[in-house]
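Engineer: Here you go, coords06.cif (mmCIF, C-alpha atoms and all ligand atoms):
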```
data_query
loop_
_atom_site.label_atom_id
_atom_site.label_comp_id
_atom_site.auth_asym_id
_atom_site.auth_seq_id
_atom_site.Cartn_x
_atom_site.Cartn_y
_atom_site.Cartn_z
CA MET A 1165 -6.73 29.32 -23.29
CA LYS A 1166 -8.58 26.01 -23.34
CA ARG A 1167 -5.30 24.24 -22.73
CA MET A 1168 -4.55 26.49 -19.77
CA ILE A 1169 -7.91 25.76 -18.18
CA ALA A 1170 -7.32 22.02 -18.61
CA LEU A 1171 -3.90 22.33 -17.00
CA LEU A 1172 -5.35 24.31 -14.10
CA ALA A 1173 -8.04 21.65 -13.57
CA VAL A 1174 -5.39 18.93 -13.41
CA LEU A 1175 -3.38 20.94 -10.89
CA LEU A 1176 -6.47 21.56 -8.77
CA LEU A 1177 -7.28 17.87 -8.88
CA CYS A 1178 -3.75 16.95 -7.82
CA GLY A 1179 -3.88 19.32 -4.87
CA CYS A 1180 -7.33 18.33 -3.71
CA THR A 1181 -8.25 16.06 -0.84
CA LYS A 1182 -8.76 12.40 -1.60
CA GLN A 1183 -10.26 9.79 0.63
CA VAL A 1184 -9.07 6.21 0.92
CA ASP A 1185 -10.83 3.48 2.94
CA THR A 1186 -9.19 0.06 3.10
CA GLN A 1187 -9.31 -3.12 5.15
CA TYR A 1188 -6.60 -5.71 5.69
CA TYR A 1189 -6.12 -8.88 7.67
CA MET A 1190 -2.71 -8.41 9.24
CA MET A 1191 -1.08 -9.21 12.59
CA ASP A 1192 -3.80 -11.79 13.15
CA THR A 1193 -6.56 -9.18 13.18
CA VAL A 1194 -8.75 -7.03 10.95
CA MET A 1195 -7.28 -3.60 10.29
CA SER A 1196 -9.05 -0.69 8.66
CA PHE A 1197 -7.62 2.62 7.50
CA SER A 1198 -9.67 5.65 6.56
CA LEU A 1199 -7.53 8.54 5.35
CA GLU A 1200 -8.19 11.95 3.90
CA GLY A 1201 -5.57 14.22 2.36
CA ALA A 1202 -3.60 14.94 -0.78
CA GLN A 1203 -1.30 11.89 -0.50
CA THR A 1204 -3.70 9.24 0.74
CA LYS A 1205 -2.67 6.58 -1.79
CA GLU A 1206 1.01 6.94 -0.93
CA ALA A 1207 0.31 7.02 2.80
CA GLU A 1208 -1.91 3.98 2.60
CA ALA A 1209 0.75 2.02 0.70
CA ALA A 1210 3.37 3.04 3.29
CA LEU A 1211 1.07 1.98 6.13
CA SER A 1212 0.40 -1.49 4.79
CA GLU A 1213 4.07 -1.97 3.93
CA LYS A 1214 5.14 -0.94 7.44
CA ILE A 1215 2.60 -3.17 9.15
CA SER A 1216 3.57 -6.21 7.12
CA ALA A 1217 7.23 -5.46 7.93
CA LEU A 1218 6.32 -5.40 11.64
CA GLU A 1219 4.46 -8.66 11.20
CA ARG A 1220 7.70 -10.20 9.90
CA VAL A 1221 9.36 -9.06 13.12
CA PHE A 1222 6.77 -9.84 15.79
CA SER A 1223 4.56 -12.63 14.46
CA PRO A 1224 4.64 -15.68 16.73
CA THR A 1225 3.45 -17.89 13.87
CA LEU A 1226 5.06 -16.69 10.59
CA PRO A 1227 7.87 -19.25 10.15
CA GLU A 1228 10.28 -16.57 8.89
CA SER A 1229 9.58 -13.97 11.57
CA GLU A 1230 12.33 -12.57 13.75
CA LEU A 1231 10.41 -13.59 16.87
CA VAL A 1232 10.22 -17.22 15.72
CA ARG A 1233 13.97 -17.15 15.03
CA VAL A 1234 14.76 -15.55 18.40
CA ASN A 1235 12.53 -17.97 20.32
CA ALA A 1236 14.07 -20.94 18.52
CA ALA A 1237 17.50 -19.72 19.68
CA SER A 1238 16.37 -19.45 23.31
CA GLY A 1239 19.34 -20.03 25.62
CA SER A 1240 21.99 -18.84 23.18
CA GLU A 1241 23.03 -15.32 22.25
CA VAL A 1242 21.23 -13.71 19.29
CA SER A 1243 21.49 -10.30 17.67
CA LEU A 1244 18.28 -8.31 17.26
CA SER A 1245 16.96 -5.80 14.76
CA LYS A 1246 16.61 -2.27 16.13
CA THR A 1247 12.81 -2.56 16.08
CA PHE A 1248 12.85 -5.83 18.04
CA ALA A 1249 15.35 -4.51 20.58
CA ASP A 1250 13.43 -1.23 21.04
CA VAL A 1251 10.10 -2.94 21.66
CA LEU A 1252 11.71 -5.53 23.93
CA GLU A 1253 13.28 -2.75 25.98
CA ILE A 1254 9.96 -0.90 26.24
CA SER A 1255 8.36 -4.18 27.30
CA LEU A 1256 10.92 -5.05 29.98
CA LYS A 1257 10.54 -1.56 31.49
CA ALA A 1258 6.76 -1.86 31.37
CA SER A 1259 6.94 -5.14 33.22
CA GLU A 1260 8.76 -3.40 36.05
CA GLU A 1261 6.41 -0.43 36.03
CA THR A 1262 3.30 -2.62 36.17
CA GLY A 1263 4.66 -4.90 38.90
CA GLY A 1264 4.80 -7.77 36.42
CA ALA A 1265 1.14 -7.52 35.30
CA PHE A 1266 2.45 -7.11 31.76
CA ASP A 1267 5.09 -9.72 30.96
CA VAL A 1268 6.75 -10.11 27.55
CA THR A 1269 8.39 -13.40 28.64
CA LEU A 1270 5.08 -15.26 28.93
CA GLY A 1271 5.44 -16.80 25.45
CA SER A 1272 5.64 -20.46 26.46
CA VAL A 1273 2.68 -20.09 28.85
CA ILE A 1274 0.63 -18.32 26.15
CA ALA A 1275 1.47 -21.14 23.70
CA LEU A 1276 0.11 -23.73 26.16
CA TRP A 1277 -3.21 -21.86 26.57
CA GLN A 1278 -3.45 -21.34 22.81
CA LYS A 1279 -4.02 -25.08 22.42
CA GLN A 1280 -7.57 -24.23 23.52
CA GLU A 1281 -7.61 -26.58 26.50
CA VAL A 1282 -6.60 -26.15 30.13
CA PRO A 1283 -2.90 -27.09 30.37
CA PRO A 1284 -1.76 -29.46 33.17
CA SER A 1285 -0.70 -27.32 36.14
CA ALA A 1286 2.69 -29.06 36.45
CA LEU A 1287 3.42 -28.06 32.86
CA LEU A 1288 2.41 -24.45 33.53
CA GLU A 1289 4.61 -24.32 36.63
CA ALA A 1290 7.59 -25.74 34.71
CA GLN A 1291 7.70 -22.77 32.28
CA ILE A 1292 10.52 -20.30 32.70
CA THR A 1293 9.38 -16.67 32.64
CA GLY A 1294 10.21 -13.26 34.08
CA ASN A 1295 12.43 -10.27 33.35
CA GLU A 1296 15.34 -11.81 35.25
CA THR A 1297 15.55 -14.59 32.63
CA VAL A 1298 16.37 -12.02 29.93
CA ASP A 1299 19.67 -10.29 29.31
CA LEU A 1300 19.52 -7.53 26.70
CA SER A 1301 22.40 -5.22 25.93
CA ASN A 1302 23.39 -3.39 22.74
CA ARG A 1303 20.88 -5.31 20.64
CA MET A 1304 22.31 -8.64 21.83
CA LEU A 1305 19.89 -10.91 23.64
CA LYS A 1306 20.49 -13.96 25.77
CA THR A 1307 17.67 -15.64 27.65
CA GLU A 1308 17.63 -18.63 29.91
CA PRO A 1309 16.99 -21.80 27.89
CA GLY A 1310 13.28 -22.31 27.29
CA VAL A 1311 12.26 -18.66 27.65
CA GLN A 1312 9.87 -17.60 24.90
CA LEU A 1313 8.93 -14.00 24.18
CA ASN A 1314 5.49 -12.86 23.05
CA PHE A 1315 4.57 -9.34 21.93
CA GLY A 1316 0.81 -9.96 21.58
CA ALA A 1317 -0.06 -7.25 24.11
CA VAL A 1318 2.18 -4.51 22.65
CA ALA A 1319 2.91 -5.09 18.93
CA LYS A 1320 -0.35 -3.62 17.61
CA GLY A 1321 0.07 -0.53 19.78
CA TYR A 1322 3.63 -0.16 18.51
CA ALA A 1323 2.32 -0.55 14.96
CA ALA A 1324 -0.17 2.23 15.71
CA ASP A 1325 2.71 4.48 16.82
CA CYS A 1326 4.49 3.77 13.52
CA ALA A 1327 1.25 4.48 11.65
CA LYS A 1328 0.97 7.86 13.40
CA THR A 1329 4.48 8.77 12.19
CA ILE A 1330 3.62 7.75 8.61
CA LEU A 1331 0.48 9.92 8.65
CA GLU A 1332 2.67 12.86 9.70
CA GLU A 1333 5.22 12.16 6.94
CA TYR A 1334 2.50 12.18 4.28
CA GLU A 1335 0.78 15.22 5.80
CA ILE A 1336 -2.52 13.43 6.26
CA PRO A 1337 -4.69 15.88 8.21
CA ARG A 1338 -7.44 13.44 9.19
CA ALA A 1339 -7.53 9.70 9.58
CA LEU A 1340 -9.17 6.97 11.57
CA LEU A 1341 -7.12 3.78 11.91
CA SER A 1342 -8.21 0.59 13.58
CA LEU A 1343 -5.58 -2.08 14.25
CA GLY A 1344 -7.68 -4.72 15.93
CA GLY A 1345 -8.82 -3.14 19.21
CA ASN A 1346 -6.30 -0.35 18.77
CA ILE A 1347 -7.68 2.89 17.37
CA TYR A 1348 -5.75 5.97 16.32
CA ALA A 1349 -7.82 9.03 15.48
CA LYS A 1350 -5.89 11.82 13.79
CA GLY A 1351 -7.25 15.34 13.53
CA GLU A 1352 -11.02 15.60 13.39
CA LYS A 1353 -13.85 14.78 11.01
CA ALA A 1354 -14.31 16.81 7.84
CA ASP A 1355 -17.21 18.70 9.44
CA GLY A 1356 -14.89 19.90 12.24
CA ARG A 1357 -16.37 17.64 14.91
CA PRO A 1358 -14.25 15.11 16.83
CA TRP A 1359 -14.02 11.48 15.76
CA GLN A 1360 -16.45 9.19 17.52
CA VAL A 1361 -15.08 5.90 18.78
CA GLY A 1362 -17.38 3.21 20.14
CA VAL A 1363 -16.48 1.47 23.39
CA ARG A 1364 -17.42 -2.16 23.09
CA ASP A 1365 -20.11 -3.72 25.28
CA PRO A 1366 -18.40 -6.82 26.73
CA ASN A 1367 -21.81 -8.50 26.99
CA GLY A 1368 -22.71 -7.82 23.36
CA THR A 1369 -21.42 -8.76 19.94
CA ALA A 1370 -18.52 -7.07 18.16
CA SER A 1371 -20.84 -4.32 16.93
CA ASP A 1372 -22.50 -3.49 20.28
CA TRP A 1373 -21.23 -0.38 22.07
CA LEU A 1374 -21.81 0.62 25.66
CA GLY A 1375 -20.68 4.16 25.02
CA ILE A 1376 -19.12 6.63 22.63
CA LEU A 1377 -15.89 8.58 23.05
CA GLN A 1378 -15.16 11.77 21.17
CA VAL A 1379 -11.48 12.14 20.36
CA ARG A 1380 -8.97 14.21 18.41
CA ASP A 1381 -5.36 13.08 17.95
CA LYS A 1382 -5.61 10.19 20.40
CA PHE A 1383 -5.07 6.46 20.67
CA VAL A 1384 -8.00 4.51 22.11
CA ILE A 1385 -6.80 1.03 23.03
CA ALA A 1386 -8.96 -1.68 24.54
CA SER A 1387 -8.43 -5.08 26.13
CA GLY A 1388 -11.16 -7.43 27.24
CA ASP A 1389 -12.11 -10.97 28.17
CA TYR A 1390 -14.50 -11.15 25.19
CA GLU A 1391 -11.78 -10.89 22.52
CA ARG A 1392 -10.38 -14.43 22.52
CA TYR A 1393 -11.43 -17.33 24.70
CA PHE A 1394 -12.44 -20.98 24.81
CA GLU A 1395 -14.83 -22.88 27.04
CA GLN A 1396 -14.14 -26.12 28.90
CA GLY A 1397 -16.44 -27.79 31.44
CA GLY A 1398 -18.74 -24.76 31.38
CA VAL A 1399 -15.89 -22.39 32.32
CA ARG A 1400 -14.69 -19.61 30.06
CA TYR A 1401 -10.93 -19.22 29.67
CA HIS A 1402 -9.96 -15.87 28.13
CA HIS A 1403 -6.63 -14.79 26.64
CA ILE A 1404 -5.33 -12.25 29.17
CA LEU A 1405 -3.09 -14.13 31.56
CA ASP A 1406 -2.03 -13.24 35.06
CA PRO A 1407 1.74 -13.84 35.05
CA LYS A 1408 1.56 -14.72 38.78
CA THR A 1409 -0.89 -17.60 38.33
CA ARG A 1410 -0.04 -18.36 34.67
CA ALA A 1411 -3.80 -18.65 34.10
CA PRO A 1412 -6.48 -16.29 32.70
CA ALA A 1413 -6.56 -13.27 35.01
CA GLN A 1414 -9.37 -13.61 37.57
CA SER A 1415 -10.02 -9.91 37.13
CA ASP A 1416 -13.00 -8.03 38.54
CA LEU A 1417 -12.86 -6.10 35.24
CA ARG A 1418 -14.25 -7.19 31.89
CA GLU A 1419 -12.75 -4.47 29.77
CA THR A 1420 -10.12 -1.76 30.02
CA VAL A 1421 -9.66 1.15 27.62
CA VAL A 1422 -6.69 3.52 27.61
CA VAL A 1423 -6.93 6.92 25.91
CA ASN A 1424 -3.55 8.61 25.40
CA THR A 1425 -0.97 9.82 22.88
CA ASN A 1426 1.35 6.77 22.86
CA GLY A 1427 0.15 3.56 21.22
CA SER A 1428 2.72 1.12 22.65
CA ARG A 1429 2.08 2.35 26.16
CA GLY A 1430 -1.69 2.33 25.63
CA ASP A 1431 -1.57 -1.29 24.43
CA ILE A 1432 0.66 -2.39 27.31
CA LEU A 1433 -1.40 -0.56 29.91
CA SER A 1434 -4.81 -1.75 28.72
CA THR A 1435 -3.59 -5.34 29.17
CA ALA A 1436 -1.83 -4.62 32.48
CA LEU A 1437 -4.79 -2.72 34.00
CA PHE A 1438 -7.02 -5.69 33.18
CA VAL A 1439 -4.66 -8.03 35.06
CA MET A 1440 -4.40 -5.60 38.01
CA GLY A 1441 -8.16 -5.37 38.53
CA GLU A 1442 -10.18 -2.34 39.62
CA ASP A 1443 -8.47 -1.19 42.83
CA GLU A 1444 -4.91 -1.67 41.65
CA ALA A 1445 -5.67 -0.12 38.25
CA ILE A 1446 -7.12 3.00 39.91
CA ALA A 1447 -4.11 3.25 42.26
CA PHE A 1448 -1.78 2.90 39.25
CA TRP A 1449 -3.62 5.72 37.43
CA ARG A 1450 -3.67 7.96 40.52
CA ALA A 1451 0.10 7.65 40.89
CA ARG A 1452 0.63 8.84 37.26
CA LYS A 1453 -2.40 10.56 35.69
CA ASP A 1454 -0.54 10.64 32.35
CA PHE A 1455 -3.27 8.69 30.55
CA GLU A 1456 -7.06 8.47 30.63
CA MET A 1457 -8.90 5.21 31.13
CA ILE A 1458 -12.27 3.50 31.09
CA LEU A 1459 -12.74 0.40 33.24
CA VAL A 1460 -15.78 -1.82 32.81
CA SER A 1461 -16.36 -3.88 35.95
CA GLN A 1462 -17.83 -7.36 36.22
CA ASP A 1463 -20.76 -5.86 38.15
CA GLY A 1464 -21.77 -3.45 35.40
CA ARG A 1465 -20.07 -0.19 36.36
CA VAL A 1466 -18.24 1.96 33.82
CA LEU A 1467 -15.49 3.90 35.57
CA ILE A 1468 -13.95 6.86 33.75
CA THR A 1469 -11.15 9.27 34.66
CA PRO A 1470 -12.31 12.89 35.19
CA ASN A 1471 -10.90 14.27 31.91
CA LEU A 1472 -13.22 11.95 29.96
CA LYS A 1473 -16.37 13.41 31.57
CA GLU A 1474 -17.01 15.80 28.67
CA THR A 1475 -16.07 13.38 25.88
CA PHE A 1476 -17.53 10.02 26.95
CA THR A 1477 -21.25 9.29 26.65
CA LEU A 1478 -22.75 6.14 28.12
CA THR A 1479 -25.29 4.83 25.61
CA ASN A 1480 -26.31 1.56 27.29
CA ASP A 1481 -28.40 2.13 30.40
CA THR A 1482 -27.80 -1.33 31.82
CA TYR A 1483 -24.43 0.09 32.94
CA GLU A 1484 -23.83 2.66 35.63
CA LEU A 1485 -21.33 5.51 35.09
CA GLU A 1486 -18.85 6.46 37.82
CA VAL A 1487 -16.08 9.04 37.72
CA VAL A 1488 -12.81 8.00 39.35
CA ALA A 1489 -11.30 10.67 41.57
P1 LIG B 1501 -4.26 -7.44 24.44
O1 LIG B 1501 -5.33 -7.90 23.53
O2 LIG B 1501 -3.49 -6.25 23.98
O3 LIG B 1501 -4.75 -7.28 25.86
O4 LIG B 1501 -3.14 -8.58 24.47
C1 LIG B 1501 -3.46 -9.89 24.81
C2 LIG B 1501 -2.45 -10.83 24.20
O5 LIG B 1501 -1.17 -10.60 24.80
C3 LIG B 1501 -2.77 -12.28 24.46
O6 LIG B 1501 -3.46 -12.84 23.37
C4 LIG B 1501 -1.39 -12.92 24.66
O7 LIG B 1501 -0.79 -13.19 23.42
C5 LIG B 1501 -0.60 -11.79 25.30
N1 LIG B 1501 -0.73 -11.72 26.77
C6 LIG B 1501 -1.69 -12.26 27.59
N2 LIG B 1501 -1.51 -11.92 28.86
C7 LIG B 1501 -0.40 -11.13 28.89
C8 LIG B 1501 0.31 -10.46 29.95
N3 LIG B 1501 -0.09 -10.50 31.21
N4 LIG B 1501 1.42 -9.75 29.58
C9 LIG B 1501 1.84 -9.70 28.31
N5 LIG B 1501 1.23 -10.30 27.29
C10 LIG B 1501 0.11 -11.01 27.57
MG MG B 1502 -2.41 -4.80 24.96
#
```
Would you write out, as structure tokens, the structure that this file holds?
Structural biologist:
Amino acid sequence: MKRMIALLAVLLLCGCTKQVDTQYYMMDTVMSFSLEGAQTKEAEAALSEKISALERVFSPTLPESELVRVNAASGSEVSLSKTFADVLEISLKASEETGGAFDVTLGSVIALWQKQEVPPSALLEAQITGNETVDLSNRMLKTEPGVQLNFGAVAKGYAADCAKTILEEYEIPRALLSLGGNIYAKGEKADGRPWQVGVRDPNGTASDWLGILQVRDKFVIASGDYERYFEQGGVRYHHILDPKTRAPAQSDLRETVVVNTNGSRGDILSTALFVMGEDEAIAFWRARKDFEMILVSQDGRVLITPNLKETFTLTNDTYELEVVA
């Protein structure tokens, strides 16, 4: 009898919910995973393995990455992994859809700005970019010589999509993942309430929020001029570039947040909406309405789409809330 009780206890323990909270530095950013379920350990291992595999595909700096290999072969034909080809195809389509605000061929321009000083304008102009410089068919790629790809504005969102699939495979009922500025909230909190996701205050530090979003089963993906920048001659140069000017986007927005059910698209759109600026971003949303968004303007307004009215709370009263119609 004693033995039976012991066995039962072990079985109960095996079936019970376990929580795992971990942090990593991957894809050039801090990632944190909080999972609850019966297979959290296995799911967590699969997540970190998948994200490091993606890093070996999309990292612009890892010497062995597929992207480094592809960029080094610029001008000649190269074969691509399925993952690389899929994300490149998504990216090329997104460039068309966003009127070029998102541009995966900006790699050489991004590299110039990453030197943390203003590049000479003749050098910026000399870079070869644009969808028309890329020929992709059947996982074979040929670009014009000199074209460099960069997936900085989509890879973390794609990684979040892969993470969502892994959580499903391991039957994780609730999880909160943060991949840099890219959040995926699965299910709801243990007490049955929605997850609460802070929306960063672009004027504050990394732990200052201007508002809180309540979400279930959603991606919340942000872009902003506060994330990466350098200063030169009293001017701030941030990391989101306008492909038309090849310089930091002179946006009337400081931050854009996309709330939706597709991480790659959320990541692409948050960057593209920033480049578009307020009016164009609202027009883009009106023509689709297949995602929700929060725009934080330079002049202190927080614009939200109507479906976020019930779930977004402004917590910083130096901002003014407006609902986009
Ligand atoms: P995100 O933080 O998702 O907005 O992505 C910004 C990163 O994407 C930058 O650090 C660059 O590596 C890259 N990037 C900057 N501007 C663009 C753009 N207009 N289109 C595509 N990628 C960009
Ligand atoms: Mg992005």
Engineer: Return as JSON lines the residues of chain A lying at most 9 Å from ligand LIG 1501 (chain B), together with the closest atom-to-atom pair for each and the distance in Å to one decimal, counting only C-alpha atoms and all ligand atoms, with rows in chain order and ascending residue number.
Structural biologist:
```
{"residue": "A:Pro1224", "atom": "CA", "partner": "B:LIG1501", "partner_atom": "O7", "distance": 9.0}
{"residue": "A:Ser1255", "atom": "CA", "partner": "B:LIG1501", "partner_atom": "C9", "distance": 8.6}
{"residue": "A:Ser1259", "atom": "CA", "partner": "B:LIG1501", "partner_atom": "N4", "distance": 8.1}
{"residue": "A:Gly1264", "atom": "CA", "partner": "B:LIG1501", "partner_atom": "N3", "distance": 7.6}
{"residue": "A:Ala1265", "atom": "CA", "partner": "B:LIG1501", "partner_atom": "N3", "distance": 5.2}
{"residue": "A:Phe1266", "atom": "CA", "partner": "B:LIG1501", "partner_atom": "N4", "distance": 3.6}
{"residue": "A:Asp1267", "atom": "CA", "partner": "B:LIG1501", "partner_atom": "N4", "distance": 3.9}
{"residue": "A:Val1268", "atom": "CA", "partner": "B:LIG1501", "partner_atom": "C9", "distance": 5.0}
{"residue": "A:Thr1269", "atom": "CA", "partner": "B:LIG1501", "partner_atom": "C9", "distance": 7.5}
{"residue": "A:Leu1270", "atom": "CA", "partner": "B:LIG1501", "partner_atom": "C9", "distance": 6.5}
{"residue": "A:Gly1271", "atom": "CA", "partner": "B:LIG1501", "partner_atom": "O7", "distance": 7.5}
{"residue": "A:Ile1274", "atom": "CA", "partner": "B:LIG1501", "partner_atom": "C4", "distance": 6.0}
{"residue": "A:Ala1275", "atom": "CA", "partner": "B:LIG1501", "partner_atom": "O7", "distance": 8.3}
{"residue": "A:Gln1278", "atom": "CA", "partner": "B:LIG1501", "partner_atom": "O6", "distance": 8.5}
{"residue": "A:Asn1314", "atom": "CA", "partner": "B:LIG1501", "partner_atom": "O7", "distance": 6.3}
{"residue": "A:Phe1315", "atom": "CA", "partner": "B:LIG1501", "partner_atom": "N5", "distance": 6.4}
{"residue": "A:Gly1316", "atom": "CA", "partner": "B:LIG1501", "partner_atom": "O5", "distance": 3.8}
{"residue": "A:Ala1317", "atom": "CA", "partner": "B:LIG1501", "partner_atom": "O4", "distance": 3.4}
{"residue": "A:Val1318", "atom": "CA", "partner": "B:LIG1501", "partner_atom": "O2", "distance": 6.1}
{"residue": "A:Ala1319", "atom": "CA", "partner": "B:LIG1501", "partner_atom": "O2", "distance": 8.2}
{"residue": "A:Lys1320", "atom": "CA", "partner": "B:LIG1501", "partner_atom": "O2", "distance": 7.6}
{"residue": "A:Gly1321", "atom": "CA", "partner": "B:LIG1501", "partner_atom": "O2", "distance": 7.9}
{"residue": "A:Gly1344", "atom": "CA", "partner": "B:LIG1501", "partner_atom": "O1", "distance": 8.6}
{"residue": "A:Gly1345", "atom": "CA", "partner": "B:LIG1501", "partner_atom": "O1", "distance": 7.3}
{"residue": "A:Asn1346", "atom": "CA", "partner": "B:LIG1501", "partner_atom": "O2", "distance": 8.4}
{"residue": "A:Ile1385", "atom": "CA", "partner": "B:LIG1501", "partner_atom": "O2", "distance": 8.1}
{"residue": "A:Ala1386", "atom": "CA", "partner": "B:LIG1501", "partner_atom": "O3", "distance": 7.1}
{"residue": "A:Ser1387", "atom": "CA", "partner": "B:LIG1501", "partner_atom": "O3", "distance": 4.3}
{"residue": "A:Gly1388", "atom": "CA", "partner": "B:LIG1501", "partner_atom": "O3", "distance": 6.6}
{"residue": "A:Asp1389", "atom": "CA", "partner": "B:LIG1501", "partner_atom": "O3", "distance": 8.6}
{"residue": "A:Glu1391", "atom": "CA", "partner": "B:LIG1501", "partner_atom": "O1", "distance": 7.2}
{"residue": "A:Arg1392", "atom": "CA", "partner": "B:LIG1501", "partner_atom": "O6", "distance": 7.2}
{"residue": "A:His1402", "atom": "CA", "partner": "B:LIG1501", "partner_atom": "O6", "distance": 8.6}
{"residue": "A:His1403", "atom": "CA", "partner": "B:LIG1501", "partner_atom": "O6", "distance": 5.0}
{"residue": "A:Ile1404", "atom": "CA", "partner": "B:LIG1501", "partner_atom": "N2", "distance": 3.8}
{"residue": "A:Leu1405", "atom": "CA", "partner": "B:LIG1501", "partner_atom": "N2", "distance": 3.8}
{"residue": "A:Asp1406", "atom": "CA", "partner": "B:LIG1501", "partner_atom": "N3", "distance": 5.1}
{"residue": "A:Pro1407", "atom": "CA", "partner": "B:LIG1501", "partner_atom": "N3", "distance": 5.4}
{"residue": "A:Lys1408", "atom": "CA", "partner": "B:LIG1501", "partner_atom": "N3", "distance": 8.8}
{"residue": "A:Arg1410", "atom": "CA", "partner": "B:LIG1501", "partner_atom": "N3", "distance": 8.6}
{"residue": "A:Ala1411", "atom": "CA", "partner": "B:LIG1501", "partner_atom": "N2", "distance": 8.8}
{"residue": "A:Pro1412", "atom": "CA", "partner": "B:LIG1501", "partner_atom": "N2", "distance": 7.7}
{"residue": "A:Ala1413", "atom": "CA", "partner": "B:LIG1501", "partner_atom": "N3", "distance": 8.0}
{"residue": "A:Thr1420", "atom": "CA", "partner": "B:LIG1501", "partner_atom": "O3", "distance": 8.8}
{"residue": "A:Gly1430", "atom": "CA", "partner": "B:LIG1501", "partner_atom": "O2", "distance": 8.9}
{"residue": "A:Asp1431", "atom": "CA", "partner": "B:LIG1501", "partner_atom": "O2", "distance": 5.3}
{"residue": "A:Ile1432", "atom": "CA", "partner": "B:LIG1501", "partner_atom": "O2", "distance": 6.6}
{"residue": "A:Leu1433", "atom": "CA", "partner": "B:LIG1501", "partner_atom": "O2", "distance": 8.5}
{"residue": "A:Ser1434", "atom": "CA", "partner": "B:LIG1501", "partner_atom": "O3", "distance": 6.2}
{"residue": "A:Thr1435", "atom": "CA", "partner": "B:LIG1501", "partner_atom": "O3", "distance": 4.0}
{"residue": "A:Ala1436", "atom": "CA", "partner": "B:LIG1501", "partner_atom": "N3", "distance": 6.3}
{"residue": "A:Phe1438", "atom": "CA", "partner": "B:LIG1501", "partner_atom": "O3", "distance": 7.8}
{"residue": "A:Val1439", "atom": "CA", "partner": "B:LIG1501", "partner_atom": "N3", "distance": 6.5}
```
Engineer: Contacts of Thr1204 of chain A at 12 Å or less, counting only C-alpha atoms, minus same-chain residues fewer than 4 places along, as a PyMOL selection string?
Structural biologist: chain A and resi 1178-1186+1197-1200+1208-1211+1330-1339
Engineer: How many Å separate atom CA of Val1194 of chain A from atom CA of Val1399 of chain A?
Structural biologist: 27.3 Å
Engineer: Kindly provide, as a count of residues only, the polymer residues lying within 6 Å of (25.2, -15.8, 24.2), counting all atoms listed in the file and using the coordinates exactly as they appear in the file.
Structural biologist: 3
Engineer: Write out as a PyMOL selection string the residues lying within 7 Å of Ser1272 of chain A, counting all atoms listed in the file and excluding same-chain residues fewer than 3 positions away.
Structural biologist: chain A and resi 1275-1276+1291+1311-1312
Engineer: Those same residues, written as a compact mmCIF listing (two decimals), in the frame of the given file with C-alpha atoms?
Structural biologist:
```
# COMPACT_ATOMS: atom_id res chain seq x y z
CA ALA A 1275 1.47 -21.14 23.70
CA LEU A 1276 0.11 -23.73 26.16
CA GLN A 1291 7.70 -22.77 32.28
CA VAL A 1311 12.26 -18.66 27.65
CA GLN A 1312 9.87 -17.60 24.90
```
Engineer: Hey, which of A:Phe1248, A:Phe1394, A:Phe1476, A:Phe1222 ends up closest to Val1363 of chain A? Count all atoms listed in the file.
Structural biologist: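 Counting all atoms listed in the file, the residue closest to Val1363 of chain A is A:Phe1476.
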Engineer: Which distance in Å separates atom CA of Pro1283 of chain A and atom CA of Leu1231 of chain A, to one decimal?
Structural biologist: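 One can read the atom CA of Pro1283 of chain A to atom CA of Leu1231 of chain A distance as 23.3 Å.
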Engineer: So how far away is atom CA of Leu1417 of chain A from atom CA of Glu1486 of chain A, in Å?
Structural biologist: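 A separation of 14.2 Å between them.
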Engineer: Tell me which of A:Val1234, A:Ala1447, A:Ala1489, A:Ala1323 sits closest to ligand MG 1502 (chain B), counting all atoms listed in the file.
Structural biologist: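 Distance minimum relative to ligand MG 1502 (chain B) lands on A:Ala1323.
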Engineer: For Asp1416 of chain A, which of A:Leu1300, A:Leu1226, A:Leu1459, A:Leu1288 is the closest residue, counting all atoms listed in the file?
Structural biologist: A:Leu1459
Engineer: Pick the closest to Asp1192 of chain A from A:Glu1281, A:Ser1238, A:Leu1343, A:Ser1212: which is it, counting only C-alpha atoms?
Structural biologist: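 Counting only C-alpha atoms, the residue closest to Asp1192 of chain A is A:Leu1343.
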Engineer: Extract, using all atoms listed in the file, all DNA, RNA and protein residues at most 7 Å from segment 1370-1378 of chain A, discarding same-chain residues fewer than 4 positions from it, and format them as an mmCIF file with C-alpha atoms, keeping the file's coordinate frame.
Structural biologist:
```cif
data_model
loop_
_atom_site.group_PDB
_atom_site.id
_atom_site.type_symbol
_atom_site.label_atom_id
_atom_site.label_comp_id
_atom_site.auth_asym_id
_atom_site.auth_seq_id
_atom_site.Cartn_x
_atom_site.Cartn_y
_atom_site.Cartn_z
ATOM 1 C CA PRO A 1358 -14.250 15.110 16.830
ATOM 2 C CA TRP A 1359 -14.020 11.480 15.760
ATOM 3 C CA GLN A 1360 -16.450 9.190 17.520
ATOM 4 C CA VAL A 1361 -15.080 5.900 18.780
ATOM 5 C CA GLY A 1362 -17.380 3.210 20.140
ATOM 6 C CA VAL A 1363 -16.480 1.470 23.390
ATOM 7 C CA ARG A 1364 -17.420 -2.160 23.090
ATOM 8 C CA ASP A 1365 -20.110 -3.720 25.280
ATOM 9 C CA THR A 1475 -16.070 13.380 25.880
ATOM 10 C CA PHE A 1476 -17.530 10.020 26.950
ATOM 11 C CA THR A 1477 -21.250 9.290 26.650
ATOM 12 C CA LEU A 1478 -22.750 6.140 28.120
ATOM 13 C CA THR A 1479 -25.290 4.830 25.610
ATOM 14 C CA ASN A 1480 -26.310 1.560 27.290
#
```
Engineer: Only C-alpha atoms, as a compact mmCIF listing (two decimals), in the first residue's frame: that is what I want for segment 1181-1185 of chain A.
Structural biologist:
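Output file decode_19.txt follows:
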```
# COMPACT_ATOMS: atom_id res chain seq x y z
CA THR A 1181 2.35 22.05 -13.80
CA LYS A 1182 5.91 23.28 -13.56
CA GLN A 1183 7.15 26.78 -14.06
CA VAL A 1184 10.39 27.73 -15.78
CA ASP A 1185 11.81 31.28 -15.97
```
